[in-house]
Amino acid sequence: MEKTKVALIGLGTVGAGVARLLLDHGDRTARHAGRVLWLEKAVVRDLKKARGCQLPEGVLTDRLEDVIDDPEIKVVCQLIGGIEPARSIMLRLLEAGKDVVTANKALMAEHGPELCDAARELGRSIAFEASVAGGVPIIANLSTCLSANQVESLAGILNGTSNFILTKMHADGVPYSEVVAEAQRLGYAEADPAMDVDGSDAAQKLAILAHLAFGARVDWKDIPRSGIDTLDLADVRYAREMGYTIKLLAVAELDRSEALELHVTPTLLRDGSPLAEVSGPYNAIRVVGDAVGPLFFHGQGAGQMPTASAVVADLVDTCVGRTAITFRSLELWSNRPARVSSADYADAEGRFYLRAMVDDHPGVLAKITAALGASEISIASVLQHEPKEKGAPVSLVIMTHTTTEGAAGRACAAIAALDCVRGEVVRLWVRD
């Protein structure tokens, strides 16, 4: 059987998983590829570091040139994180005539246009299924399987760390800080989980999905986002009481003027809905196409073998030539005009959960409803418990009917300015 030589740059958790699939299940990949995928080299920084796989003699190297200068190595899996040196290495690989498979979502979100332009100029391809949602095949489905559709909306849980934290907060009633510490002990959260919990990681992934689904050219840093790092356990409890679950949701949706709304925010989802039921470190994406209707993709969004599964699938497609055809026809991040424009976030429509600490006095609710009415916001429901102590402030929770994000923001500012309100007003999106 024909043999195609491949290489790995990086042999961390994912790289070791890819090596295991290639070495332990070569018959499987050969059957799908119609050729043997031969692991020729694996480039690492430290040759003495223990690895999560057993490599044949001569495969491990600390010299990138062993890959760059070998014309028989046709495809390279670039499996290091961050921006640099990952960007420079990918450009060198492309210039050396290699097709590239990557799992680096930050790199594609930040430098997708530059890298894809370079690949096109050089007649090479880049595959990046593993960059979003780990083992969930969302890139392939948006790129090819749904090509008969205009995607109307997608909403996803794209960060497993945040979802694990929120699941524990809902199930056990444990504050955010305690759950983060547990997530770090279990390996679900980094020592510094800021990118995961502040919404940045999900925004990077959303920028990639928005480009594939809508042809949008958006800088992930421009996507409105808020994370779970300031979420109060009280809001988790009130959401549960009202029949909702809070998830960090990434949303891309065409509005009535065909402009694209984008945001990443903690969102109340109705209990029993598919996205609300996604627990632990899992990812899920709900996609609505105009022809196919709603679809739901669910699976492990991180971890060694789920991510390695996506990398090897891209490797197979690249080795047999499917990636080159798709990459060329999709013209990813090309200079052609964007198919959609970005909507003004203030005009985004939806329902909102509002919570304010208020004095337990007559007339307070009337003042708050007047502030909402001034922004033309109507109330769907109100929840208020009796104070634990006479005269103590209480939480007043309001669910609105559909309004705009801008109107909700103005109303919250007006409510916070009332003399009967203590502190800022919590505002969360609601999706039924």
# chains A, B, ... in the order shown; residues from 1 in each chain; ligands from 1
$ residues_around --residues "Ala118 of chain A" --least-positions-apart "4" --cutoff "12 Å" --atoms "only C-alpha atoms" --output "number ranges by chain"
A: 87-88, 90-100, 111-114, 122-126, 331-334
$ select_by_dssp --residues "segment 59-172 of chain A" --states "alpha helix (DSSP H)" --output "mmCIF file with N, CA and C atoms, in the first residue's frame"
data_model
loop_
_atom_site.group_PDB
_atom_site.id
_atom_site.type_symbol
_atom_site.label_atom_id
_atom_site.label_comp_id
_atom_site.auth_asym_id
_atom_site.auth_seq_id
_atom_site.Cartn_x
_atom_site.Cartn_y
_atom_site.Cartn_z
ATOM 1 N N GLU A 65 14.087 21.513 11.571
ATOM 2 C CA GLU A 65 14.630 21.332 10.223
ATOM 3 C C GLU A 65 14.519 19.892 9.737
ATOM 4 N N ASP A 66 14.443 18.924 10.664
ATOM 5 C CA ASP A 66 14.274 17.531 10.250
ATOM 6 C C ASP A 66 12.962 17.330 9.509
ATOM 7 N N VAL A 67 11.991 18.195 9.780
ATOM 8 C CA VAL A 67 10.712 18.156 9.067
ATOM 9 C C VAL A 67 10.730 19.099 7.871
ATOM 10 N N ILE A 68 11.183 20.330 8.100
ATOM 11 C CA ILE A 68 11.201 21.346 7.049
ATOM 12 C C ILE A 68 11.998 20.869 5.833
ATOM 13 N N ALA A 86 3.980 29.488 17.124
ATOM 14 C CA ALA A 86 3.099 28.673 16.279
ATOM 15 C C ALA A 86 2.885 29.303 14.901
ATOM 16 N N ARG A 87 2.667 30.629 14.866
ATOM 17 C CA ARG A 87 2.441 31.306 13.582
ATOM 18 C C ARG A 87 3.660 31.175 12.664
ATOM 19 N N SER A 88 4.838 31.490 13.195
ATOM 20 C CA SER A 88 6.053 31.441 12.378
ATOM 21 C C SER A 88 6.341 30.033 11.884
ATOM 22 N N ILE A 89 6.119 29.055 12.737
ATOM 23 C CA ILE A 89 6.355 27.668 12.343
ATOM 24 C C ILE A 89 5.402 27.257 11.227
ATOM 25 N N MET A 90 4.105 27.650 11.343
ATOM 26 C CA MET A 90 3.156 27.274 10.295
ATOM 27 C C MET A 90 3.548 27.899 8.957
ATOM 28 N N LEU A 91 3.975 29.157 8.974
ATOM 29 C CA LEU A 91 4.397 29.794 7.725
ATOM 30 C C LEU A 91 5.601 29.078 7.121
ATOM 31 N N ARG A 92 6.536 28.679 7.953
ATOM 32 C CA ARG A 92 7.705 27.938 7.454
ATOM 33 C C ARG A 92 7.292 26.600 6.859
ATOM 34 N N LEU A 93 6.348 25.919 7.496
ATOM 35 C CA LEU A 93 5.881 24.641 6.974
ATOM 36 C C LEU A 93 5.221 24.811 5.609
ATOM 37 N N LEU A 94 4.380 25.825 5.498
ATOM 38 C CA LEU A 94 3.717 26.080 4.212
ATOM 39 C C LEU A 94 4.739 26.416 3.130
ATOM 40 N N GLU A 95 5.707 27.257 3.476
ATOM 41 C CA GLU A 95 6.743 27.631 2.504
ATOM 42 C C GLU A 95 7.594 26.438 2.091
ATOM 43 N N LYS A 105 -6.911 27.086 17.964
ATOM 44 C CA LYS A 105 -8.009 27.998 17.646
ATOM 45 C C LYS A 105 -7.587 29.450 17.812
ATOM 46 N N ALA A 106 -6.721 29.752 18.785
ATOM 47 C CA ALA A 106 -6.266 31.135 18.968
ATOM 48 C C ALA A 106 -5.512 31.610 17.737
ATOM 49 N N LEU A 107 -4.689 30.747 17.172
ATOM 50 C CA LEU A 107 -3.914 31.103 15.987
ATOM 51 C C LEU A 107 -4.817 31.357 14.793
ATOM 52 N N MET A 108 -5.817 30.504 14.585
ATOM 53 C CA MET A 108 -6.708 30.675 13.441
ATOM 54 C C MET A 108 -7.609 31.895 13.626
ATOM 55 N N ALA A 109 -8.060 32.140 14.848
ATOM 56 C CA ALA A 109 -8.907 33.302 15.097
ATOM 57 C C ALA A 109 -8.129 34.598 14.919
ATOM 58 N N GLU A 110 -6.851 34.604 15.294
ATOM 59 C CA GLU A 110 -6.035 35.817 15.246
ATOM 60 C C GLU A 110 -5.396 36.027 13.877
ATOM 61 N N HIS A 111 -4.929 34.941 13.251
ATOM 62 C CA HIS A 111 -4.147 35.073 12.019
ATOM 63 C C HIS A 111 -4.685 34.234 10.869
ATOM 64 N N GLY A 112 -5.954 33.841 10.935
ATOM 65 C CA GLY A 112 -6.544 33.064 9.864
ATOM 66 C C GLY A 112 -6.361 33.682 8.492
ATOM 67 N N PRO A 113 -6.643 34.994 8.301
ATOM 68 C CA PRO A 113 -6.472 35.597 6.970
ATOM 69 C C PRO A 113 -5.038 35.488 6.445
ATOM 70 N N GLU A 114 -4.055 35.819 7.283
ATOM 71 C CA GLU A 114 -2.663 35.768 6.847
ATOM 72 C C GLU A 114 -2.245 34.350 6.474
ATOM 73 N N LEU A 115 -2.593 33.387 7.323
ATOM 74 C CA LEU A 115 -2.162 32.006 7.099
ATOM 75 C C LEU A 115 -2.850 31.399 5.885
ATOM 76 N N CYS A 116 -4.146 31.660 5.737
ATOM 77 C CA CYS A 116 -4.866 31.090 4.591
ATOM 78 C C CYS A 116 -4.429 31.733 3.278
ATOM 79 N N ASP A 117 -4.133 33.041 3.309
ATOM 80 C CA ASP A 117 -3.592 33.697 2.110
ATOM 81 C C ASP A 117 -2.262 33.073 1.709
ATOM 82 N N ALA A 118 -1.399 32.836 2.713
ATOM 83 C CA ALA A 118 -0.096 32.222 2.426
ATOM 84 C C ALA A 118 -0.266 30.822 1.853
ATOM 85 N N ALA A 119 -1.181 30.056 2.432
ATOM 86 C CA ALA A 119 -1.412 28.693 1.940
ATOM 87 C C ALA A 119 -1.909 28.715 0.503
ATOM 88 N N ARG A 120 -2.826 29.629 0.191
ATOM 89 C CA ARG A 120 -3.339 29.706 -1.186
ATOM 90 C C ARG A 120 -2.239 30.081 -2.178
ATOM 91 N N GLU A 121 -1.432 31.060 -1.814
ATOM 92 C CA GLU A 121 -0.348 31.482 -2.699
ATOM 93 C C GLU A 121 0.615 30.348 -2.988
ATOM 94 N N LEU A 122 0.836 29.504 -1.986
ATOM 95 C CA LEU A 122 1.809 28.415 -2.107
ATOM 96 C C LEU A 122 1.185 27.109 -2.593
ATOM 97 N N ILE A 138 -17.918 19.978 13.973
ATOM 98 C CA ILE A 138 -18.708 21.138 13.572
ATOM 99 C C ILE A 138 -18.104 21.852 12.367
ATOM 100 N N ILE A 139 -16.773 21.895 12.247
ATOM 101 C CA ILE A 139 -16.134 22.578 11.117
ATOM 102 C C ILE A 139 -16.528 21.911 9.803
ATOM 103 N N ALA A 140 -16.416 20.587 9.744
ATOM 104 C CA ALA A 140 -16.754 19.865 8.512
ATOM 105 C C ALA A 140 -18.215 20.038 8.149
ATOM 106 N N GLY A 160 -15.466 23.986 27.640
ATOM 107 C CA GLY A 160 -15.753 22.928 28.598
ATOM 108 C C GLY A 160 -15.440 23.316 30.034
ATOM 109 N N THR A 161 -14.408 24.146 30.233
ATOM 110 C CA THR A 161 -14.059 24.574 31.587
ATOM 111 C C THR A 161 -15.213 25.342 32.225
ATOM 112 N N SER A 162 -15.742 26.326 31.505
ATOM 113 C CA SER A 162 -16.861 27.108 32.034
ATOM 114 C C SER A 162 -18.086 26.236 32.255
ATOM 115 N N ASN A 163 -18.311 25.294 31.339
ATOM 116 C CA ASN A 163 -19.496 24.460 31.484
ATOM 117 C C ASN A 163 -19.384 23.527 32.682
ATOM 118 N N PHE A 164 -18.176 23.028 32.945
ATOM 119 C CA PHE A 164 -17.960 22.206 34.137
ATOM 120 C C PHE A 164 -18.233 23.028 35.397
ATOM 121 N N ILE A 165 -17.724 24.258 35.424
ATOM 122 C CA ILE A 165 -17.910 25.114 36.600
ATOM 123 C C ILE A 165 -19.393 25.403 36.818
ATOM 124 N N LEU A 166 -20.105 25.765 35.768
ATOM 125 C CA LEU A 166 -21.526 26.081 35.897
ATOM 126 C C LEU A 166 -22.342 24.855 36.295
ATOM 127 N N THR A 167 -21.982 23.697 35.754
ATOM 128 C CA THR A 167 -22.695 22.465 36.115
ATOM 129 C C THR A 167 -22.579 22.198 37.609
ATOM 130 N N LYS A 168 -21.370 22.360 38.157
ATOM 131 C CA LYS A 168 -21.166 22.129 39.588
ATOM 132 C C LYS A 168 -21.881 23.175 40.427
ATOM 133 N N MET A 169 -21.886 24.426 39.980
ATOM 134 C CA MET A 169 -22.578 25.468 40.733
ATOM 135 C C MET A 169 -24.077 25.176 40.797
ATOM 136 N N HIS A 170 -24.654 24.684 39.708
ATOM 137 C CA HIS A 170 -26.080 24.351 39.680
ATOM 138 C C HIS A 170 -26.374 23.103 40.516
ATOM 139 N N ALA A 171 -25.543 22.081 40.351
ATOM 140 C CA ALA A 171 -25.834 20.802 41.003
ATOM 141 C C ALA A 171 -25.568 20.827 42.501
ATOM 142 N N ASP A 172 -24.474 21.498 42.904
ATOM 143 C CA ASP A 172 -24.038 21.424 44.297
ATOM 144 C C ASP A 172 -24.221 22.721 45.075
#
$ closest_residue --among "A:Thr403, A:Thr267, A:Asn141, A:Ser153" --to "Asp432 of chain A" --atoms "only C-alpha atoms"
A:Thr267
$ atom_distance --atom1 "atom CA of Ala239 of chain A" --atom2 "atom CA of Val397 of chain A"
9.7 Å
$ closest_residue --among "A:Val174, A:Leu186, A:Leu209, A:Leu154" --to "Phe128 of chain A" --atoms "only C-alpha atoms"
A:Leu209
$ closest_atom_pairs --of "segment 105-198 of chain A" --to "segment 4-25 of chain A" --cutoff "12 Å" --atoms "only C-alpha atoms" --output "JSON lines"
{"residue": "A:Ala130", "atom": "CA", "partner": "A:Val14", "partner_atom": "CA", "distance": 9.9}
{"residue": "A:Ser131", "atom": "CA", "partner": "A:Val14", "partner_atom": "CA", "distance": 11.6}
{"residue": "A:Gly134", "atom": "CA", "partner": "A:Val14", "partner_atom": "CA", "distance": 10.2}
{"residue": "A:Gly135", "atom": "CA", "partner": "A:Val14", "partner_atom": "CA", "distance": 11.4}
{"residue": "A:Gly187", "atom": "CA", "partner": "A:Thr13", "partner_atom": "CA", "distance": 11.8}
$ write_last_selection --atoms "all heavy atoms" --output "short mmCIF file (atom, residue, chain, number, x, y, z; two decimals), in the first residue's frame"
data_model
loop_
_atom_site.label_atom_id
_atom_site.label_comp_id
_atom_site.auth_asym_id
_atom_site.auth_seq_id
_atom_site.Cartn_x
_atom_site.Cartn_y
_atom_site.Cartn_z
N ALA A 130 -10.09 20.40 14.72
CA ALA A 130 -9.91 20.27 16.17
C ALA A 130 -9.81 21.61 16.88
O ALA A 130 -9.74 21.65 18.11
CB ALA A 130 -8.65 19.45 16.46
N SER A 131 -9.81 22.72 16.15
CA SER A 131 -9.67 24.03 16.79
C SER A 131 -10.93 24.48 17.50
O SER A 131 -10.88 25.36 18.37
CB SER A 131 -9.27 25.08 15.76
OG SER A 131 -10.30 25.31 14.82
N GLY A 134 -13.31 20.44 20.02
CA GLY A 134 -12.62 19.16 20.17
C GLY A 134 -13.05 18.10 19.19
O GLY A 134 -12.87 18.22 17.98
N GLY A 135 -13.66 17.03 19.71
CA GLY A 135 -14.06 15.91 18.88
C GLY A 135 -15.38 16.08 18.16
O GLY A 135 -15.80 15.21 17.41
N GLY A 187 -7.95 18.95 36.46
CA GLY A 187 -7.35 19.17 35.16
C GLY A 187 -8.29 19.77 34.12
O GLY A 187 -7.93 19.86 32.94
#
$ select_by_dssp --residues "segment 251-334 of chain A" --states "strand (DSSP E or B)" --output "PyMOL selection string"
chain A and resi 251-254+260-270+282-289+293-300
